[in-house]
$ cat model_10.cif   # mmCIF, C-alpha atoms and all ligand atoms
data_final
#
loop_
_atom_site.label_atom_id
_atom_site.label_comp_id
_atom_site.auth_asym_id
_atom_site.auth_seq_id
_atom_site.Cartn_x
_atom_site.Cartn_y
_atom_site.Cartn_z
CA ILE E 280 -13.24 5.93 26.01
CA LYS E 281 -14.22 4.52 22.65
CA ILE E 282 -14.06 6.26 19.32
CA LEU E 283 -16.16 4.64 16.60
CA LYS E 284 -16.03 5.25 12.88
CA PRO E 285 -18.00 3.57 10.10
CA SER E 286 -15.40 2.27 7.59
CA GLU E 287 -17.64 3.30 4.73
CA PHE E 288 -18.34 6.82 6.00
CA HIS E 289 -16.42 8.67 3.30
CA GLN E 290 -17.90 6.56 0.51
CA VAL E 291 -21.38 7.19 1.88
CA VAL E 292 -20.76 10.95 1.91
CA GLU E 293 -19.26 10.87 -1.56
CA LEU E 294 -22.16 8.86 -2.96
CA TYR E 295 -25.13 10.37 -1.15
CA GLY E 296 -23.96 13.63 0.41
CA ARG E 297 -23.07 15.04 3.78
CA GLU E 298 -26.63 14.94 5.18
CA ILE E 299 -26.86 11.19 4.67
CA GLY E 300 -23.50 10.80 6.40
CA ASP E 301 -24.75 12.86 9.35
CA GLU E 302 -27.95 10.85 9.51
CA LEU E 303 -25.96 7.62 9.45
CA LEU E 304 -24.01 8.72 12.54
CA ARG E 305 -27.21 9.87 14.23
CA GLN E 306 -28.89 6.50 13.67
CA LEU E 307 -25.79 4.65 14.76
CA ALA E 308 -25.67 6.68 17.98
CA LYS E 309 -29.33 5.92 18.58
CA ARG E 310 -28.77 2.20 18.19
CA LEU E 311 -25.82 2.31 20.54
CA GLU E 312 -27.92 4.18 23.09
CA GLN E 313 -30.72 1.66 22.81
CA ASP E 314 -28.64 -1.39 23.56
CA LYS E 315 -26.17 0.16 25.91
CA SER E 316 -24.52 -2.18 28.35
CA GLU E 317 -24.28 0.28 31.25
CA SER E 318 -26.57 2.96 32.47
CA ASN E 319 -23.69 5.41 32.78
CA GLU E 320 -22.71 5.18 29.13
CA TYR E 321 -22.73 8.29 26.95
CA VAL E 322 -22.57 8.59 23.17
CA ALA E 323 -21.76 11.80 21.28
CA ARG E 324 -20.46 13.05 17.95
CA PHE E 325 -16.67 13.28 18.01
CA THR E 326 -15.47 14.41 14.57
CA SER E 327 -17.37 14.81 11.32
CA SER E 328 -16.95 11.08 10.70
CA SER E 329 -16.84 9.50 14.15
CA LEU E 330 -18.63 9.03 17.47
CA ILE E 331 -17.22 8.98 20.96
CA MET E 332 -18.54 6.78 23.77
CA THR E 333 -17.63 6.77 27.45
CA THR E 334 -18.29 4.13 30.08
CA MET E 335 -17.38 4.11 33.73
CA SER E 336 -17.08 0.35 33.96
CA LEU E 337 -13.53 -0.81 34.60
CA HIS E 338 -13.48 -4.22 33.03
CA GLU E 339 -15.58 -4.34 29.94
CA ASP E 340 -14.72 -7.47 28.03
CA LEU E 341 -13.42 -6.84 24.50
CA HIS E 342 -15.18 -9.93 23.20
CA ASP E 343 -18.51 -8.76 24.65
CA TYR E 344 -18.02 -5.39 23.05
CA GLU E 345 -17.25 -6.91 19.65
CA MET E 346 -20.35 -9.12 19.86
CA ARG E 347 -22.43 -6.13 20.79
CA ILE E 348 -21.13 -4.08 17.86
CA LYS E 349 -21.74 -6.88 15.37
CA GLU E 350 -25.35 -6.98 16.60
CA THR E 351 -25.66 -3.19 16.35
CA ILE E 352 -24.71 -3.09 12.66
CA ARG E 353 -26.26 -6.40 11.58
CA GLN E 354 -29.34 -4.71 10.14
CA PRO E 355 -28.83 -2.14 7.39
CA PHE E 356 -29.41 1.55 8.08
CA ILE E 357 -32.35 2.94 6.16
CA ILE E 358 -31.63 6.52 5.15
CA GLY E 359 -33.52 8.46 2.52
CA GLY E 360 -34.98 5.20 1.24
CA LYS E 361 -31.53 3.67 0.84
CA GLN E 362 -30.27 0.57 2.62
CA ILE E 363 -26.76 1.11 3.91
CA TYR E 364 -24.69 -1.69 5.41
CA ILE E 365 -21.61 -0.61 7.33
CA THR E 366 -18.65 -2.06 9.18
CA LEU E 367 -17.28 -0.30 12.20
CA LYS E 368 -13.79 0.55 13.46
CA THR E 369 -13.27 1.22 17.15
CA GLY E 370 -10.30 2.55 19.09
CA ILE E 371 -10.34 2.06 22.85
CA ALA E 372 -8.31 3.67 25.64
CA SER E 373 -8.93 4.01 29.38
CA TYR E 374 -8.51 6.98 31.60
CA SER E 375 -7.53 6.77 35.23
CA ASP E 376 -5.90 8.83 37.94
CA ASP E 377 -2.70 8.84 35.89
CA ILE E 378 -4.19 9.40 32.46
CA ASN E 379 -6.40 12.42 32.06
CA ILE E 380 -9.36 12.47 29.78
CA ASN E 381 -7.66 14.45 27.01
CA ASP E 382 -4.81 11.98 26.81
CA ALA E 383 -7.28 9.09 26.86
CA ILE E 384 -9.12 10.60 23.90
CA ARG E 385 -5.86 11.04 22.03
CA PHE E 386 -4.91 7.43 22.80
CA ALA E 387 -8.30 6.10 21.66
CA ASP E 388 -7.87 8.07 18.45
CA ASN E 389 -4.43 6.51 18.06
CA ALA E 390 -5.89 3.01 18.53
CA LEU E 391 -8.57 3.88 15.97
CA SER E 392 -5.96 4.69 13.34
CA PHE E 393 -4.63 1.13 13.77
CA ALA E 394 -8.16 -0.32 13.56
CA ILE E 395 -8.71 1.58 10.29
CA ASP E 396 -5.83 -0.32 8.69
CA ARG E 397 -7.65 -3.61 9.22
CA PRO E 398 -10.47 -4.98 7.05
CA GLY E 399 -14.09 -5.25 8.16
CA THR E 400 -15.40 -4.50 11.62
CA HIS E 401 -12.40 -4.20 13.90
CA THR E 402 -11.53 -2.99 17.39
CA GLU E 403 -8.11 -1.98 18.70
CA ILE E 404 -7.10 -1.17 22.25
CA PHE E 405 -4.46 1.48 22.84
CA THR E 406 -1.04 0.27 23.97
CA THR E 407 2.16 2.20 24.57
CA GLU E 408 3.71 0.25 21.68
CA LYS E 409 1.09 1.74 19.40
CA ASN E 410 2.02 5.14 20.71
CA ASP E 411 5.68 4.43 20.01
CA VAL E 412 4.85 3.51 16.42
CA LEU E 413 3.03 6.79 16.02
CA VAL E 414 5.86 8.76 17.59
CA GLN E 415 8.28 7.00 15.24
CA LYS E 416 6.10 7.93 12.27
CA MET E 417 6.01 11.55 13.39
CA THR E 418 9.80 11.60 13.76
CA VAL E 419 10.21 10.12 10.28
CA LEU E 420 7.79 12.64 8.85
CA ASN E 421 9.62 15.54 10.51
CA HIS E 422 12.86 14.57 8.81
CA LEU E 423 11.43 13.50 5.47
CA SER E 424 10.99 16.89 3.81
CA GLU E 425 14.60 17.81 4.60
CA ALA E 426 15.70 14.42 3.30
CA ILE E 427 14.01 14.97 -0.04
CA LYS E 428 15.44 18.47 -0.35
CA ASN E 429 18.96 17.41 0.63
CA LYS E 430 18.97 14.41 -1.69
CA GLU E 431 19.43 11.98 1.20
CA ILE E 432 17.19 9.53 -0.63
CA THR E 433 19.07 7.41 -3.13
CA VAL E 434 18.42 4.41 -5.34
CA HIS E 435 19.37 0.78 -5.06
CA LEU E 436 18.83 -1.56 -7.96
CA GLN E 437 17.75 -5.19 -7.90
CA PRO E 438 17.73 -7.25 -11.11
CA LYS E 439 14.86 -9.48 -12.18
CA VAL E 440 16.26 -12.59 -13.78
CA ASP E 441 15.12 -14.86 -16.61
CA LEU E 442 14.57 -18.16 -14.76
CA ARG E 443 15.48 -20.26 -17.77
CA ASN E 444 19.00 -18.93 -18.32
CA GLY E 445 19.78 -16.54 -15.46
CA ASP E 446 20.03 -13.46 -17.73
CA ILE E 447 19.06 -10.10 -16.29
CA GLN E 448 15.61 -9.39 -17.75
CA SER E 449 14.98 -6.00 -16.12
CA ILE E 450 15.89 -4.07 -12.97
CA GLU E 451 13.80 -2.71 -10.12
CA ALA E 452 14.70 0.62 -8.51
CA LEU E 453 14.15 0.79 -4.74
CA ALA E 454 14.35 3.92 -2.62
CA ARG E 455 17.00 4.01 0.11
CA TRP E 456 17.29 6.56 2.88
CA ILE E 457 20.19 6.91 5.25
CA SER E 458 19.34 9.85 7.46
CA PRO E 459 22.18 11.69 9.25
CA LYS E 460 19.92 11.85 12.31
CA LEU E 461 17.89 8.63 12.18
CA GLY E 462 20.28 6.27 10.44
CA PHE E 463 18.93 3.72 7.95
CA VAL E 464 15.16 4.01 7.54
CA SER E 465 13.44 1.23 5.59
CA PRO E 466 11.14 2.19 2.70
CA ALA E 467 8.59 -0.09 4.35
CA VAL E 468 8.53 2.63 7.04
CA PHE E 469 9.04 5.91 5.20
CA ILE E 470 6.98 5.21 2.05
CA PRO E 471 3.70 4.77 4.01
CA VAL E 472 4.57 7.89 6.03
CA ALA E 473 5.25 9.81 2.81
CA GLU E 474 1.98 8.50 1.37
CA SER E 475 -0.13 9.73 4.25
CA ALA E 476 1.68 13.08 4.23
CA GLY E 477 1.17 13.59 0.48
CA LYS E 478 4.91 13.49 -0.21
CA VAL E 479 5.31 10.19 -1.99
CA ARG E 480 5.04 11.66 -5.47
CA GLU E 481 8.21 13.66 -4.84
CA ILE E 482 10.04 10.48 -3.86
CA ASP E 483 8.75 8.50 -6.85
CA VAL E 484 9.83 11.28 -9.21
CA LEU E 485 13.23 11.54 -7.54
CA ILE E 486 13.77 7.81 -8.07
CA LEU E 487 12.56 7.96 -11.66
CA GLU E 488 14.86 10.91 -12.47
CA THR E 489 17.85 9.18 -10.92
CA VAL E 490 17.20 6.08 -12.94
CA LEU E 491 16.62 8.03 -16.18
CA SER E 492 19.78 10.02 -15.75
CA TRP E 493 21.69 6.77 -15.23
CA LEU E 494 20.15 5.23 -18.36
CA SER E 495 20.90 8.30 -20.43
CA GLU E 496 24.52 8.27 -19.25
CA ARG E 497 24.81 4.62 -20.31
CA GLN E 498 23.19 5.52 -23.62
CA ARG E 499 25.69 8.35 -24.11
CA LEU E 500 28.57 5.96 -23.46
CA GLY E 501 27.14 3.49 -25.95
CA LYS E 502 26.56 0.88 -23.26
CA LYS E 503 23.78 -1.67 -23.21
CA LEU E 504 20.40 -0.43 -21.84
CA VAL E 505 18.10 -2.47 -19.59
CA LYS E 506 14.44 -2.10 -18.70
CA ILE E 507 13.93 -0.40 -15.35
CA ALA E 508 10.95 -0.76 -13.03
CA VAL E 509 10.00 1.99 -10.59
CA ASN E 510 7.36 1.75 -7.87
CA ILE E 511 4.43 4.15 -8.13
CA SER E 512 2.16 4.84 -5.16
CA PRO E 513 -1.60 5.00 -5.79
CA ASP E 514 -1.60 8.67 -4.85
CA HIS E 515 0.91 9.41 -7.56
CA PHE E 516 -0.72 7.10 -10.09
CA TYR E 517 -4.01 9.01 -9.79
CA TYR E 518 -2.33 12.43 -9.91
CA THR E 519 -3.90 14.38 -12.79
CA HIS E 520 -0.65 14.94 -14.65
CA PHE E 521 0.96 11.58 -13.89
CA VAL E 522 1.07 10.26 -17.46
CA GLN E 523 2.08 13.56 -19.06
CA ASP E 524 4.71 14.33 -16.42
CA THR E 525 6.21 10.86 -16.74
CA LEU E 526 6.28 11.22 -20.51
CA LYS E 527 7.97 14.62 -20.22
CA LEU E 528 10.63 13.13 -17.97
CA VAL E 529 11.57 10.28 -20.30
CA ARG E 530 11.73 12.74 -23.20
CA LYS E 531 13.91 15.09 -21.19
CA TYR E 532 16.42 12.26 -20.78
CA ASN E 533 15.84 10.98 -24.29
CA ILE E 534 14.92 7.47 -23.11
CA ASP E 535 12.43 5.33 -25.00
CA PRO E 536 9.35 4.65 -22.76
CA SER E 537 9.62 0.94 -23.53
CA TYR E 538 12.56 0.87 -21.11
CA ILE E 539 10.34 1.95 -18.22
CA ILE E 540 8.11 -0.37 -16.20
CA LEU E 541 5.72 1.18 -13.68
CA GLU E 542 4.92 -1.08 -10.72
CA VAL E 543 1.61 -0.50 -8.95
CA THR E 544 -0.17 -2.58 -6.34
CA GLU E 545 -3.10 -4.68 -7.43
CA ASN E 546 -5.66 -2.64 -5.49
CA ILE E 547 -5.11 0.32 -7.80
CA GLY E 548 -8.22 -0.30 -9.90
CA LEU E 549 -10.47 -0.95 -6.92
CA VAL E 550 -10.42 2.71 -6.02
CA ASP E 551 -11.63 3.86 -9.39
CA PHE E 552 -11.64 1.26 -12.13
CA GLN E 553 -12.51 3.60 -15.01
CA SER E 554 -9.66 6.00 -14.27
CA ALA E 555 -7.19 3.19 -13.64
CA TYR E 556 -8.15 1.63 -16.96
CA LYS E 557 -7.66 4.93 -18.78
CA ILE E 558 -4.28 5.61 -17.20
CA ILE E 559 -2.92 2.13 -17.90
CA GLN E 560 -4.21 2.31 -21.47
CA GLN E 561 -2.57 5.72 -21.99
CA LEU E 562 0.72 4.50 -20.56
CA LYS E 563 0.59 1.54 -22.89
CA SER E 564 -0.12 3.70 -25.92
CA TYR E 565 3.03 5.70 -25.21
CA GLY E 566 5.05 2.49 -24.91
CA PHE E 567 5.42 2.24 -21.12
CA LYS E 568 4.99 -1.13 -19.42
CA THR E 569 2.96 -1.65 -16.27
CA SER E 570 3.33 -4.27 -13.59
CA VAL E 571 1.13 -5.50 -10.73
CA ASP E 572 3.24 -5.58 -7.56
CA ASP E 573 2.65 -7.89 -4.57
CA PHE E 574 -0.03 -9.84 -6.44
CA GLY E 575 -2.18 -12.08 -4.25
CA THR E 576 -2.21 -9.89 -1.16
CA GLY E 577 -4.88 -7.46 -2.33
CA PHE E 578 -8.54 -7.72 -3.09
CA SER E 579 -8.72 -7.66 -6.87
CA SER E 580 -10.97 -10.04 -8.73
CA LEU E 581 -9.98 -12.03 -11.76
CA SER E 582 -12.49 -10.40 -14.08
CA TYR E 583 -11.08 -7.03 -13.12
CA LEU E 584 -7.52 -8.10 -13.73
CA GLN E 585 -8.47 -9.44 -17.11
CA GLN E 586 -9.69 -6.00 -18.18
CA LEU E 587 -6.56 -4.10 -17.20
CA PRO E 588 -3.75 -4.36 -19.76
CA PHE E 589 -0.83 -4.95 -17.38
CA ALA E 590 2.37 -6.33 -18.91
CA GLU E 591 3.61 -8.13 -15.79
CA LEU E 592 2.29 -9.87 -12.68
CA LYS E 593 4.57 -10.04 -9.64
CA ILE E 594 3.67 -12.88 -7.28
CA ASP E 595 4.02 -11.65 -3.70
CA ARG E 596 7.03 -12.80 -1.69
CA SER E 597 4.83 -14.41 0.99
CA PHE E 598 3.72 -17.08 -1.51
CA ILE E 599 7.25 -17.83 -2.69
CA ASN E 600 8.34 -18.05 0.92
CA ALA E 601 5.77 -20.77 1.64
CA ILE E 602 5.88 -22.50 -1.74
CA GLU E 603 6.73 -25.88 -0.19
CA ASP E 604 3.27 -25.89 1.38
CA PRO E 605 0.91 -27.76 -1.02
CA ALA E 606 -1.94 -25.25 -0.70
CA THR E 607 0.39 -22.33 -1.42
CA LEU E 608 1.92 -24.22 -4.32
CA ALA E 609 -1.55 -24.63 -5.81
CA ILE E 610 -2.12 -20.88 -5.57
CA VAL E 611 1.21 -20.05 -7.19
CA ARG E 612 0.49 -22.53 -9.98
CA SER E 613 -2.86 -20.84 -10.63
CA ILE E 614 -1.34 -17.35 -10.67
CA ILE E 615 1.30 -18.41 -13.19
CA GLN E 616 -1.39 -20.00 -15.35
CA LEU E 617 -3.50 -16.87 -15.04
CA ALA E 618 -0.63 -14.63 -16.14
CA LEU E 619 0.01 -16.92 -19.10
CA ASN E 620 -3.65 -16.84 -20.15
CA LEU E 621 -3.80 -13.06 -19.90
CA GLY E 622 -0.57 -12.63 -21.86
CA MET E 623 1.32 -11.21 -18.90
CA ILE E 624 4.83 -12.07 -17.73
CA SER E 625 4.86 -13.81 -14.34
CA VAL E 626 7.55 -12.64 -11.93
CA ALA E 627 8.25 -14.40 -8.63
CA GLU E 628 9.34 -12.01 -5.86
CA GLY E 629 11.67 -12.83 -2.99
CA ILE E 630 13.35 -16.00 -4.26
CA GLU E 631 15.89 -17.08 -1.64
CA THR E 632 16.68 -20.74 -2.37
CA GLU E 633 17.58 -23.08 -5.22
CA GLU E 634 14.55 -25.25 -4.33
CA GLN E 635 12.22 -22.33 -4.92
CA VAL E 636 13.84 -21.72 -8.32
CA GLU E 637 13.36 -25.38 -9.30
CA ILE E 638 9.70 -25.38 -8.32
CA LEU E 639 8.98 -22.08 -10.08
CA ARG E 640 10.74 -23.19 -13.21
CA ALA E 641 8.72 -26.42 -13.27
CA LEU E 642 5.53 -24.37 -12.92
CA GLY E 643 6.47 -22.31 -15.97
CA CYS E 644 7.23 -19.05 -14.21
CA THR E 645 9.41 -16.97 -16.52
CA VAL E 646 11.08 -14.35 -14.34
CA GLY E 647 12.35 -14.25 -10.74
CA GLN E 648 13.75 -11.73 -8.32
CA GLY E 649 15.29 -12.23 -4.90
CA TYR E 650 18.34 -12.53 -2.71
CA PHE E 651 19.13 -15.90 -4.32
CA TYR E 652 20.10 -14.02 -7.48
CA PHE E 653 20.87 -10.46 -6.44
CA LYS E 654 20.29 -8.26 -3.42
CA PRO E 655 19.43 -4.62 -4.09
CA MET E 656 22.74 -2.80 -4.72
CA PRO E 657 24.11 0.67 -5.44
CA ILE E 658 24.05 1.82 -9.07
CA GLU E 659 27.85 1.68 -9.49
CA GLN E 660 27.89 -1.97 -8.45
CA LEU E 661 25.25 -2.90 -10.99
CA ASP E 662 27.12 -0.98 -13.68
CA ILE E 663 30.05 -3.33 -13.16
CA ILE E 664 27.83 -6.41 -13.42
CA LEU E 665 26.17 -5.15 -16.60
CA ASP E 666 29.48 -4.31 -18.23
CA GLN E 667 30.99 -7.74 -17.63
P1 LIG J 701 8.37 -4.01 -3.43
O1 LIG J 701 8.22 -3.07 -4.57
O2 LIG J 701 7.49 -5.21 -3.43
O3 LIG J 701 9.90 -4.39 -3.40
C1 LIG J 701 10.39 -5.65 -3.02
C2 LIG J 701 10.95 -5.62 -1.62
O4 LIG J 701 11.41 -6.93 -1.27
C3 LIG J 701 12.17 -4.70 -1.46
O5 LIG J 701 12.13 -4.21 -0.13
C4 LIG J 701 13.32 -5.70 -1.64
O6 LIG J 701 14.53 -5.23 -1.04
C5 LIG J 701 12.77 -6.90 -0.94
N1 LIG J 701 13.36 -8.16 -1.41
C6 LIG J 701 13.80 -8.46 -2.64
N2 LIG J 701 14.25 -9.74 -2.71
C7 LIG J 701 14.06 -10.27 -1.47
C8 LIG J 701 14.33 -11.58 -0.90
O7 LIG J 701 14.81 -12.49 -1.54
N3 LIG J 701 14.00 -11.74 0.42
C9 LIG J 701 13.47 -10.75 1.16
N4 LIG J 701 13.18 -10.99 2.44
N5 LIG J 701 13.20 -9.51 0.67
C10 LIG J 701 13.51 -9.27 -0.66
P2 LIG J 701 12.39 -2.71 0.21
O8 LIG J 701 13.48 -2.17 -0.66
O9 LIG J 701 12.53 -2.60 1.69
O10 LIG J 701 11.06 -1.97 -0.26
C11 LIG J 701 9.84 -2.20 0.40
C12 LIG J 701 8.69 -1.61 -0.37
O11 LIG J 701 8.76 -0.18 -0.35
C13 LIG J 701 8.66 -1.97 -1.86
O12 LIG J 701 8.11 -3.24 -2.03
C14 LIG J 701 7.80 -0.86 -2.42
O13 LIG J 701 6.45 -1.17 -2.22
C15 LIG J 701 8.16 0.31 -1.52
N6 LIG J 701 9.08 1.20 -2.25
C16 LIG J 701 10.44 1.13 -2.36
N7 LIG J 701 10.92 2.16 -3.12
C17 LIG J 701 9.84 2.87 -3.52
C18 LIG J 701 9.67 4.06 -4.32
O14 LIG J 701 10.60 4.66 -4.88
N8 LIG J 701 8.39 4.52 -4.47
C19 LIG J 701 7.32 3.88 -3.90
N9 LIG J 701 6.10 4.41 -4.10
N10 LIG J 701 7.44 2.78 -3.15
C20 LIG J 701 8.68 2.28 -2.96
MG MG J 702 8.02 -3.27 -6.48
MG MG J 703 6.56 -6.47 -4.24
#
$ encode --input "model_10.cif" --output "C-alpha cells"
Amino acid sequence: IKILKPSEFHQVVELYGREIGDELLRQLAKRLEQDKSESNEYVARFTSSSLIMTTMSLHEDLHDYEMRIKETIRQPFIIGGKQIYITLKTGIASYSDDININDAIRFADNALSFAIDRPGTHTEIFTTEKNDVLVQKMTVLNHLSEAIKNKEITVHLQPKVDLRNGDIQSIEALARWISPKLGFVSPAVFIPVAESAGKVREIDVLILETVLSWLSERQRLGKKLVKIAVNISPDHFYYTHFVQDTLKLVRKYNIDPSYIILEVTENIGLVDFQSAYKIIQQLKSYGFKTSVDDFGTGFSSLSYLQQLPFAELKIDRSFINAIEDPATLAIVRSIIQLALNLGMISVAEGIETEEQVEILRALGCTVGQGYFYFKPMPIEQLDIILDQ
C-alpha cells in the first residue's frame, strides 16, 4: 500500500481553489496509471489531498519507486492554463497474512506523516519504531491537557551571558514538564505535540505569565530586573490577538515591554512575510524585542532577514558544536558579520567548552548561552545567583 500526497497540495488549493486541487490529483493519478510498473496496480483517491496505490508485488525496490516518482513529476502539471510543479510525499506499508488491509492503510498513513516532515520529494516505509513514536505522541497528547490545567508545566531559566565579561545579559525561559504518570517529558517532545494539537499557545502564555509574575515580584522587592526571553511557536505568533494579548499581560504585571524578548524560529516569515513583518514591527513599536531562534537551520534568505527588524540572532547549537570544523567556522563567522551589519545582537547557543568561547570571542560574537556558563535551572536558584 502506498499513500501519496503532493507537498504543495494545500498551497495549490489556497491559491487556485479546490477544483484545481482535485484536477491536480486526477492528473497525477493518470500519470501513475500510465507508467505503472505492474499490471495489477490500482490507483484511487484516498483523502481530499492524497491518493492511494496498491500493488501485489512483494519486493518492489524503494530506489526503483523513487526513480519512477521523480520521472512522474518531472514535467509540470498544466491545469487551467497554469503550470504547477509539485514534489511528492509517499508512505509505504505492506499487508500480509498477519497484517490486514485496514492496518496496512493506517501504517502507510503513519509512514506518510514522517515523509511530510522531510523536504522535497520523499518516501518513508512504515516500521514498528515509527508506530511507537506515534503511540508515544498520542500518550503525551492525552496527558497534556490535564498537565496544563494542573499546572504541571513549570519554568526553568537559562542565562545568556556577555562573552566579553561573563555578565548575565538576559535570561531564556524554557518549559519543563514532570508528569506524575509519564515522568520527565522533554519540550523537544511535548512542544511539537502541543503545536499539532493547537495547544501550544496555552503553554507559551503559561510560561510568559510565570516569568512576568516573577519579574513583578522582584520589582516589588526592589531587586534588579533582567531581560527575559520566551519562546513563541509560529501558531501563537500568527494568532490574531497575539500582540494585544501579550501587551495586556505585561501591563497586568506592570512590567516594561523592553524587558521581554520573544524568540521565534527563522522560518516565521516564510509562511506569510507581510503579516510577520507587521507583527514584528508592532511588537517593536510597543518596546518588545524579538529574536531569531536556531538561526541557520531554516530556509530564510538574507534579503528577507534584512527586512525584518529582529533585535537578536541566535546561532543554532549545531554550528557551535562543530565550530572546530573550518567550513562550519566560516559559516559562523559570516552569521556574526551578518548580525553586525544588520544591527542585531549575535547570540551563540549551546556553548559547552572554553575553546568554543575563545573562538566565538575572536569572531566578535557578543553573547553566548550554554552549559559552559549555566544549565537551565529553577527560578529560585537563579534568584540566588542574581542577588549575589
Ligand atoms: P531552544 O529555544 O532553542 O532552547 C535551547 C535548548 O537547548 C534548550 O532545550 C536548552 O536546554 C538546550 N541547551 C542550552 N544550552 C545547551 C548546551 O550547552 N548543550 C546542549 N546540548 N543543550 C543546551 P530544551 O529546554 O529541551 O528546549 C527545547 C526546545 O523546546 C527549545 O529550543 C524551544 O524551541 C522549545 N521550547 C521550550 N520551551 C518552550 C515554550 O515555552 N514555548 C515554546 N513554543 N517552545 C518551547
Ligand atoms: Mg529559544
Ligand atoms: Mg535555539
$ closest_residue --input "model_10.cif" --among "E:Asp340, E:Asp595, E:Glu545, E:Asp604" --to "ligand LIG 701 (chain J)" --atoms "all atoms listed in the file"
E:Asp595
$ closest_atom_pairs --input "model_10.cif" --of "chain E" --to "ligand MG 703 (chain J)" --cutoff "9 Å" --atoms "all atoms listed in the file" --output "CSV"
residue,atom,partner,partner_atom,distance
E:Glu542,CA,J:MG703,MG,8.6
E:Thr544,CA,J:MG703,MG,8.1
E:Val571,CA,J:MG703,MG,8.5
E:Asp572,CA,J:MG703,MG,4.8
E:Asp573,CA,J:MG703,MG,4.2
E:Phe574,CA,J:MG703,MG,7.7
E:Lys593,CA,J:MG703,MG,6.8
E:Ile594,CA,J:MG703,MG,7.7
E:Asp595,CA,J:MG703,MG,5.8
E:Arg596,CA,J:MG703,MG,6.8
E:Glu628,CA,J:MG703,MG,6.4
E:Gly629,CA,J:MG703,MG,8.3
$ residues_near_ligand --input "model_10.cif" --ligand "ligand LIG 701 (chain J)" --cutoff "7 Å" --atoms "all atoms listed in the file" --output "MDAnalysis selection string"
chainID E and resid 452:454 465:467 470 479 482:483 486 509:512 572:573 628:631 648:651 654:655
$ write_last_selection --input "model_10.cif" --atoms "C-alpha atoms" --output "CSV table (one decimal), in the frame of the given file"
chain,number,residue,atom,x,y,z
E,452,ALA,CA,14.7,0.6,-8.5
E,453,LEU,CA,14.2,0.8,-4.7
E,454,ALA,CA,14.4,3.9,-2.6
E,465,SER,CA,13.4,1.2,5.6
E,466,PRO,CA,11.1,2.2,2.7
E,467,ALA,CA,8.6,-0.1,4.4
E,470,ILE,CA,7.0,5.2,2.0
E,479,VAL,CA,5.3,10.2,-2.0
E,482,ILE,CA,10.0,10.5,-3.9
E,483,ASP,CA,8.8,8.5,-6.8
E,486,ILE,CA,13.8,7.8,-8.1
E,509,VAL,CA,10.0,2.0,-10.6
E,510,ASN,CA,7.4,1.8,-7.9
E,511,ILE,CA,4.4,4.2,-8.1
E,512,SER,CA,2.2,4.8,-5.2
E,572,ASP,CA,3.2,-5.6,-7.6
E,573,ASP,CA,2.6,-7.9,-4.6
E,628,GLU,CA,9.3,-12.0,-5.9
E,629,GLY,CA,11.7,-12.8,-3.0
E,630,ILE,CA,13.4,-16.0,-4.3
E,631,GLU,CA,15.9,-17.1,-1.6
E,648,GLN,CA,13.8,-11.7,-8.3
E,649,GLY,CA,15.3,-12.2,-4.9
E,650,TYR,CA,18.3,-12.5,-2.7
E,651,PHE,CA,19.1,-15.9,-4.3
E,654,LYS,CA,20.3,-8.3,-3.4
E,655,PRO,CA,19.4,-4.6,-4.1
$ atom_distance --input "model_10.cif" --atom1 "atom CA of Gln313 of chain E" --atom2 "atom CA of Thr351 of chain E"
9.5 Å
$ residues_around --input "model_10.cif" --residues "Val292 of chain E" --least-positions-apart "3" --cutoff "12 Å" --atoms "all atoms listed in the file" --output "number ranges by chain"
E: 285-289, 295-304, 327-328, 363
$ build_atoms --input "model_10.cif" --residues "segment 454-462 of chain E" --atoms "N, CA, C and O atoms" --output "PDB file, in the frame of the given file"
ATOM      1  N   ALA E 454      13.891   2.720  -3.345  1.00  0.00           N
ATOM      2  CA  ALA E 454      14.350   3.920  -2.620  1.00  0.00           C
ATOM      3  C   ALA E 454      15.117   3.521  -1.369  1.00  0.00           C
ATOM      4  O   ALA E 454      14.749   2.581  -0.672  1.00  0.00           O
ATOM      5  N   ARG E 455      16.205   4.222  -1.102  1.00  0.00           N
ATOM      6  CA  ARG E 455      17.000   4.010   0.110  1.00  0.00           C
ATOM      7  C   ARG E 455      17.223   5.327   0.817  1.00  0.00           C
ATOM      8  O   ARG E 455      17.508   6.330   0.160  1.00  0.00           O
ATOM      9  N   TRP E 456      17.088   5.320   2.130  1.00  0.00           N
ATOM     10  CA  TRP E 456      17.290   6.560   2.880  1.00  0.00           C
ATOM     11  C   TRP E 456      18.193   6.300   4.070  1.00  0.00           C
ATOM     12  O   TRP E 456      17.834   5.527   4.960  1.00  0.00           O
ATOM     13  N   ILE E 457      19.362   6.925   4.048  1.00  0.00           N
ATOM     14  CA  ILE E 457      20.190   6.910   5.250  1.00  0.00           C
ATOM     15  C   ILE E 457      20.194   8.336   5.776  1.00  0.00           C
ATOM     16  O   ILE E 457      20.748   9.243   5.178  1.00  0.00           O
ATOM     17  N   SER E 458      19.496   8.523   6.895  1.00  0.00           N
ATOM     18  CA  SER E 458      19.340   9.850   7.460  1.00  0.00           C
ATOM     19  C   SER E 458      20.505  10.139   8.417  1.00  0.00           C
ATOM     20  O   SER E 458      20.869   9.279   9.207  1.00  0.00           O
ATOM     21  N   PRO E 459      21.075  11.349   8.333  1.00  0.00           N
ATOM     22  CA  PRO E 459      22.180  11.690   9.250  1.00  0.00           C
ATOM     23  C   PRO E 459      21.705  11.620  10.710  1.00  0.00           C
ATOM     24  O   PRO E 459      22.506  11.343  11.595  1.00  0.00           O
ATOM     25  N   LYS E 460      20.414  11.842  10.929  1.00  0.00           N
ATOM     26  CA  LYS E 460      19.920  11.850  12.310  1.00  0.00           C
ATOM     27  C   LYS E 460      19.314  10.520  12.730  1.00  0.00           C
ATOM     28  O   LYS E 460      19.455  10.083  13.860  1.00  0.00           O
ATOM     29  N   LEU E 461      18.619   9.839  11.788  1.00  0.00           N
ATOM     30  CA  LEU E 461      17.890   8.630  12.180  1.00  0.00           C
ATOM     31  C   LEU E 461      18.593   7.346  11.766  1.00  0.00           C
ATOM     32  O   LEU E 461      18.200   6.256  12.158  1.00  0.00           O
ATOM     33  N   GLY E 462      19.625   7.471  10.950  1.00  0.00           N
ATOM     34  CA  GLY E 462      20.280   6.270  10.440  1.00  0.00           C
ATOM     35  C   GLY E 462      19.490   5.681   9.285  1.00  0.00           C
ATOM     36  O   GLY E 462      18.708   6.377   8.639  1.00  0.00           O
TER      37      GLY E 462
END
